[in-house]
>>> print(open('protein_17.tsv').read())   # TSV, C-alpha atoms and all ligand atoms
chain	number	residue	atom	x	y	z
A	10	MET	CA	15.91	77.61	111.18
A	11	ARG	CA	15.78	80.99	109.38
A	12	THR	CA	12.40	82.47	108.45
A	13	MET	CA	11.95	84.92	105.58
A	14	VAL	CA	11.71	87.74	108.13
A	15	ASP	CA	15.04	86.71	109.67
A	16	GLN	CA	16.64	86.60	106.24
A	17	THR	CA	15.70	90.22	105.58
A	18	ALA	CA	16.79	91.27	109.08
A	19	ASP	CA	20.25	89.86	108.35
A	20	ILE	CA	20.76	92.41	105.57
A	21	GLY	CA	22.60	95.58	106.60
A	22	GLU	CA	22.21	97.61	103.42
A	23	ILE	CA	20.43	97.08	100.12
A	24	LEU	CA	23.09	97.55	97.48
A	25	LEU	CA	20.94	96.94	94.39
A	26	THR	CA	17.18	97.10	94.32
A	27	GLU	CA	15.00	94.78	92.27
A	28	ASP	CA	14.30	97.66	89.85
A	29	GLN	CA	17.98	98.49	89.39
A	30	ILE	CA	18.78	94.84	88.68
A	31	GLN	CA	15.93	94.40	86.19
A	32	THR	CA	16.82	97.60	84.32
A	33	ARG	CA	20.46	96.59	84.03
A	34	VAL	CA	19.64	93.03	82.96
A	35	ALA	CA	17.45	94.42	80.16
A	36	GLU	CA	20.33	96.68	79.05
A	37	LEU	CA	22.79	93.79	79.07
A	38	GLY	CA	20.38	91.62	77.07
A	39	ALA	CA	19.97	94.36	74.46
A	40	GLN	CA	23.71	94.93	74.22
A	41	ILE	CA	24.48	91.22	73.85
A	42	SER	CA	21.72	90.83	71.21
A	43	ASN	CA	23.20	93.73	69.30
A	44	ASP	CA	26.83	92.57	69.54
A	45	MET	CA	26.03	89.01	68.53
A	46	ALA	CA	23.35	89.83	65.92
A	47	GLY	CA	22.90	87.13	63.29
A	48	ARG	CA	24.49	84.44	65.46
A	49	GLN	CA	23.20	81.70	67.70
A	50	LEU	CA	24.41	81.73	71.27
A	51	THR	CA	24.97	79.09	73.92
A	52	LEU	CA	24.69	80.47	77.44
A	53	VAL	CA	26.65	78.50	80.01
A	54	SER	CA	25.60	79.38	83.49
A	55	VAL	CA	27.32	78.44	86.68
A	56	LEU	CA	25.02	77.03	89.32
A	57	LYS	CA	23.67	77.79	91.76
A	58	GLY	CA	24.24	81.53	92.22
A	59	SER	CA	23.67	82.50	88.58
A	60	LEU	CA	20.23	80.92	88.37
A	61	PRO	CA	18.02	84.06	88.70
A	62	PHE	CA	20.40	86.13	86.54
A	63	MET	CA	20.46	83.44	83.86
A	64	ALA	CA	16.66	83.13	83.89
A	65	ASP	CA	16.22	86.90	83.46
A	66	LEU	CA	19.11	87.49	81.05
A	67	MET	CA	18.15	84.71	78.63
A	68	ARG	CA	14.71	86.29	78.25
A	69	ALA	CA	16.28	89.69	77.63
A	70	ILE	CA	18.31	88.36	74.68
A	71	SER	CA	16.51	88.38	71.35
A	72	LEU	CA	18.68	85.79	69.58
A	73	PRO	CA	18.20	82.07	69.11
A	74	LEU	CA	20.00	80.45	72.01
A	75	ARG	CA	20.71	77.24	73.83
A	76	ILE	CA	21.51	76.98	77.49
A	77	ASP	CA	23.72	74.63	79.43
A	78	LEU	CA	24.45	74.50	83.13
A	79	MET	CA	27.59	73.71	85.05
A	80	GLU	CA	28.08	73.51	88.76
A	81	VAL	CA	31.43	74.12	90.37
A	82	SER	CA	32.37	74.39	93.99
A	83	SER	CA	34.58	77.27	95.02
A	84	TYR	CA	33.73	78.25	98.57
A	85	GLY	CA	33.50	75.37	100.99
A	86	GLY	CA	30.45	75.24	103.28
A	87	ALA	CA	29.37	78.53	104.82
A	88	THR	CA	32.66	80.44	104.66
A	89	THR	CA	33.02	83.79	102.89
A	90	GLU	CA	36.54	83.17	101.58
A	91	SER	CA	37.45	81.51	98.28
A	92	SER	CA	39.55	78.40	98.73
A	93	GLY	CA	41.02	78.69	95.25
A	94	LEU	CA	40.17	75.06	94.74
A	95	VAL	CA	37.61	74.51	92.01
A	96	ARG	CA	35.81	71.24	91.52
A	97	ILE	CA	33.35	70.43	88.73
A	98	LEU	CA	30.20	69.07	90.35
A	99	LYS	CA	28.14	69.13	87.14
A	100	ASP	CA	29.61	69.19	83.65
A	101	LEU	CA	28.14	70.47	80.35
A	102	SER	CA	25.44	68.24	78.98
A	103	SER	CA	26.51	68.56	75.34
A	104	SER	CA	29.43	69.57	73.14
A	105	ILE	CA	30.17	73.28	72.67
A	106	GLU	CA	32.67	72.79	69.84
A	107	GLY	CA	32.28	75.52	67.19
A	108	GLU	CA	29.65	77.39	69.21
A	109	ASP	CA	29.51	81.01	70.38
A	110	ILE	CA	29.59	80.74	74.15
A	111	LEU	CA	28.54	83.29	76.74
A	112	ILE	CA	29.44	82.38	80.30
A	113	VAL	CA	26.83	83.76	82.69
A	114	GLU	CA	28.26	84.33	86.17
A	115	ASP	CA	26.77	85.81	89.31
A	116	ILE	CA	29.89	87.43	90.76
A	117	ILE	CA	33.62	87.61	90.14
A	118	ASP	CA	35.61	88.00	93.32
A	119	THR	CA	39.17	86.62	93.28
A	120	GLY	CA	38.52	85.42	89.71
A	121	LEU	CA	39.88	81.94	90.49
A	122	THR	CA	36.63	80.15	89.70
A	123	LEU	CA	36.12	81.89	86.38
A	124	ASN	CA	39.76	81.57	85.40
A	125	TYR	CA	39.49	77.82	85.85
A	126	LEU	CA	36.21	77.69	83.97
A	127	VAL	CA	37.44	79.74	81.02
A	128	ARG	CA	40.44	77.48	80.58
A	129	TYR	CA	38.26	74.40	80.87
A	130	LEU	CA	35.74	75.68	78.30
A	131	ARG	CA	38.41	76.92	75.88
A	132	GLY	CA	39.69	73.35	75.82
A	133	LYS	CA	36.33	72.33	74.34
A	134	LYS	CA	37.08	74.44	71.22
A	135	PRO	CA	34.14	76.87	71.05
A	136	ALA	CA	34.08	79.34	68.11
A	137	SER	CA	34.10	82.22	70.62
A	138	LEU	CA	33.85	82.66	74.35
A	139	ARG	CA	32.56	85.75	76.13
A	140	ILE	CA	31.89	86.45	79.78
A	141	CYS	CA	28.92	88.18	81.35
A	142	THR	CA	28.82	88.74	85.09
A	143	LEU	CA	26.12	90.43	87.09
A	144	LEU	CA	28.53	91.63	89.77
A	145	ASP	CA	32.22	92.40	89.80
A	146	LYS	CA	34.24	92.85	93.00
A	147	PRO	CA	37.59	93.95	91.53
A	148	ALA	CA	39.20	94.76	94.90
A	149	ARG	CA	40.06	91.15	95.62
A	150	ARG	CA	41.05	89.97	92.16
A	151	LEU	CA	43.97	87.51	92.12
A	152	VAL	CA	43.96	86.69	88.40
A	153	GLU	CA	43.36	88.98	85.45
A	154	ILE	CA	40.20	88.23	83.50
A	155	ASP	CA	38.76	90.04	80.50
A	156	VAL	CA	35.08	90.48	81.24
A	157	ASP	CA	32.91	91.42	78.25
A	158	TYR	CA	29.72	92.38	80.09
A	159	THR	CA	29.43	93.57	83.70
A	160	GLY	CA	26.15	94.40	85.41
A	161	PHE	CA	27.51	96.28	88.40
A	162	THR	CA	30.91	96.88	89.96
A	163	ILE	CA	30.57	96.62	93.72
A	164	PRO	CA	32.83	97.32	96.72
A	165	ASP	CA	34.57	94.61	98.70
A	166	GLN	CA	31.62	93.51	100.81
A	167	PHE	CA	30.02	90.11	101.16
A	168	VAL	CA	26.64	90.29	99.41
A	169	VAL	CA	23.65	87.98	99.22
A	170	GLY	CA	20.37	87.83	97.32
A	171	TYR	CA	19.29	87.44	93.67
A	172	GLY	CA	20.99	84.03	93.62
A	173	LEU	CA	23.90	84.77	95.92
A	174	ASP	CA	24.01	82.83	99.14
A	175	TYR	CA	25.56	82.54	102.52
A	176	GLY	CA	25.34	78.97	103.79
A	177	GLU	CA	22.88	78.25	100.92
A	178	LEU	CA	20.35	80.80	102.22
A	179	TYR	CA	19.25	84.26	100.97
A	180	ARG	CA	19.27	83.21	97.28
A	181	ASN	CA	15.56	84.00	96.92
A	182	LEU	CA	15.80	87.67	97.92
A	183	ARG	CA	14.81	89.87	94.99
A	184	PHE	CA	17.53	92.44	95.74
A	185	VAL	CA	21.26	92.29	96.42
A	186	GLY	CA	22.20	93.28	99.95
A	187	VAL	CA	25.19	93.36	102.22
A	188	LEU	CA	25.05	90.63	104.84
A	189	ARG	CA	25.58	91.96	108.36
A	190	PRO	CA	29.07	90.81	109.39
A	191	GLU	CA	27.60	89.59	112.74
A	192	VAL	CA	25.82	86.86	110.78
A	193	TYR	CA	29.06	85.20	109.68
A	194	THR	CA	31.34	86.21	112.53
A	195	GLN	CA	28.99	84.70	115.14
A	196	GLU	CA	29.39	81.19	113.71
B	1	LIG	P1	35.97	83.75	93.01
B	1	LIG	O1	36.50	82.43	92.56
B	1	LIG	O2	36.69	84.26	94.24
B	1	LIG	O3	35.90	84.79	91.93
B	1	LIG	O4	34.52	83.49	93.56
B	1	LIG	C1	33.45	83.26	92.76
B	1	LIG	C2	32.33	82.60	93.52
B	1	LIG	O5	32.39	82.90	94.92
B	1	LIG	C3	31.01	83.16	93.06
B	1	LIG	O6	30.50	82.45	91.96
B	1	LIG	C4	30.16	83.04	94.30
B	1	LIG	O7	29.59	81.76	94.37
B	1	LIG	C5	31.13	83.21	95.44
B	1	LIG	N1	31.17	84.59	95.97
B	1	LIG	C6	32.13	85.52	95.82
B	1	LIG	N2	31.81	86.68	96.45
B	1	LIG	C7	30.59	86.47	97.01
B	1	LIG	C8	29.70	87.32	97.77
B	1	LIG	O8	29.95	88.49	98.07
B	1	LIG	N3	28.54	86.73	98.15
B	1	LIG	C9	28.19	85.44	97.84
B	1	LIG	N4	28.99	84.64	97.11
B	1	LIG	C10	30.18	85.15	96.70
>>> encode(input="protein_17.tsv", output="structure tokens")
Amino acid sequence: MRTMVDQTADIGEILLTEDQIQTRVAELGAQISNDMAGRQLTLVSVLKGSLPFMADLMRAISLPLRIDLMEVSSYGGATTESSGLVRILKDLSSSIEGEDILIVEDIIDTGLTLNYLVRYLRGKKPASLRICTLLDKPARRLVEIDVDYTGFTIPDQFVVGYGLDYGELYRNLRFVGVLRPEVYTQE
């Protein structure tokens, strides 16, 4: 079993501090509020990794908004590679037809998950659909995706914290850090 001390010891480098994340989330919220002024938004977040980002971003947006949550599986178990297979584990709880949708993602890596999600949500006939991701790892992109709002562009390293996991752990770290490769190569 991992203790909180172990979790921190497994981090090689802190890529984004709590302060950096909070400052950027506030900027994104202000930008989205400005761009979508006068409209009502529906934020669709993708569990579980986007949970802290969603919670902070929604409070940084000064527009009337609804939220909905989806859960999809992309990476199986504790691996660090995308399988390309996307399964919907939890669907939207209400219709998004005619609504202005903002997808709230934690990270875009190959883009396969988001590509699937965008196509799925477009099929539900929203008035508009925008994408906001906290992190973008463009080095490994396999499909082209137009991202409207990006928190940080990061190098091709496996990161955890602020919602992001490895084997379901590390999500509760307040920062984003690079997981020591020994942690996943040992298993
Ligand atoms: P994609 O389909 O390859 O773009 O992967 C998207 C999903 O993979 C994200 O929503 C995360 O759940 C997971 N993922 C991708 N890169 C990382 C990472 O560096 N750390 C933790 N999870 C990641």
>>> residues_near_ligand(input="protein_17.tsv", ligand="ligand LIG 1 (chain B)", cutoff="6 Å", atoms="only C-alpha atoms and all ligand atoms", output="list in words")
Gly58, Ser83, Ser91, Asp115, Ile116, Ile117, Asp118, Thr119, Gly120, Leu121, Thr122, Gln166, Phe167, Val168, Val169, Leu173 and Asp174 of chain A
>>> closest_residue(input="protein_17.tsv", among="A:Thr51, A:Thr194, A:Thr12, A:Gln31", to="Ala136 in chain A", atoms="only C-alpha atoms")
A:Thr51
>>> closest_residue(input="protein_17.tsv", among="A:Lys133, A:Arg139, A:Arg48, A:Lys57", to="Ile112 in chain A", atoms="all atoms listed in the file")
A:Arg139
>>> residues_around(input="protein_17.tsv", residues="Asp145 in chain A", least_positions_apart="2", cutoff="7 Å", atoms="all atoms listed in the file", output="PDB file with C-alpha atoms, in the coordinates of the input")
ATOM      1  CA  ILE A 116      29.890  87.430  90.760  1.00  0.00           C
ATOM      2  CA  ILE A 117      33.620  87.610  90.140  1.00  0.00           C
ATOM      3  CA  ASP A 118      35.610  88.000  93.320  1.00  0.00           C
ATOM      4  CA  THR A 142      28.820  88.740  85.090  1.00  0.00           C
ATOM      5  CA  LEU A 143      26.120  90.430  87.090  1.00  0.00           C
ATOM      6  CA  PRO A 147      37.590  93.950  91.530  1.00  0.00           C
ATOM      7  CA  THR A 159      29.430  93.570  83.700  1.00  0.00           C
ATOM      8  CA  PHE A 161      27.510  96.280  88.400  1.00  0.00           C
ATOM      9  CA  THR A 162      30.910  96.880  89.960  1.00  0.00           C
ATOM     10  CA  ILE A 163      30.570  96.620  93.720  1.00  0.00           C
TER      11      ILE A 163
END
>>> atom_distance(input="protein_17.tsv", atom1="CA of Val127 in chain A", atom2="CA of Tyr179 in chain A")
27.4 Å
>>> atom_distance(input="protein_17.tsv", atom1="CA of Glu114 in chain A", atom2="CA of Asp157 in chain A")
11.6 Å
>>> residues_around(input="protein_17.tsv", residues="Asp65 in chain A", least_positions_apart="3", cutoff="10 Å", atoms="all atoms listed in the file", output="list in words")
Ile30, Gln31, Val34, Ala35, Gly38, Leu60, Pro61, Phe62, Arg68, Ala69 and Ile70 of chain A
>>> closest_residue(input="protein_17.tsv", among="A:Leu111, A:Leu50, A:Val185, A:Leu151", to="Glu27 in chain A", atoms="only C-alpha atoms")
A:Val185
>>> closest_residue(input="protein_17.tsv", among="A:Glu36, A:Glu153, A:Glu191, A:Glu108", to="Gly21 in chain A", atoms="only C-alpha atoms")
A:Glu191
>>> closest_residue(input="protein_17.tsv", among="A:Pro135, A:Met10, A:Gln16, A:Ala39", to="Leu52 in chain A", atoms="all atoms listed in the file")
A:Pro135
>>> closest_residue(input="protein_17.tsv", among="A:Cys141, A:Val55, A:Met67, A:Leu24", to="Val187 in chain A", atoms="only C-alpha atoms")
A:Leu24
>>> atom_distance(input="protein_17.tsv", atom1="CA of Val81 in chain A", atom2="CA of Arg96 in chain A")
5.4 Å
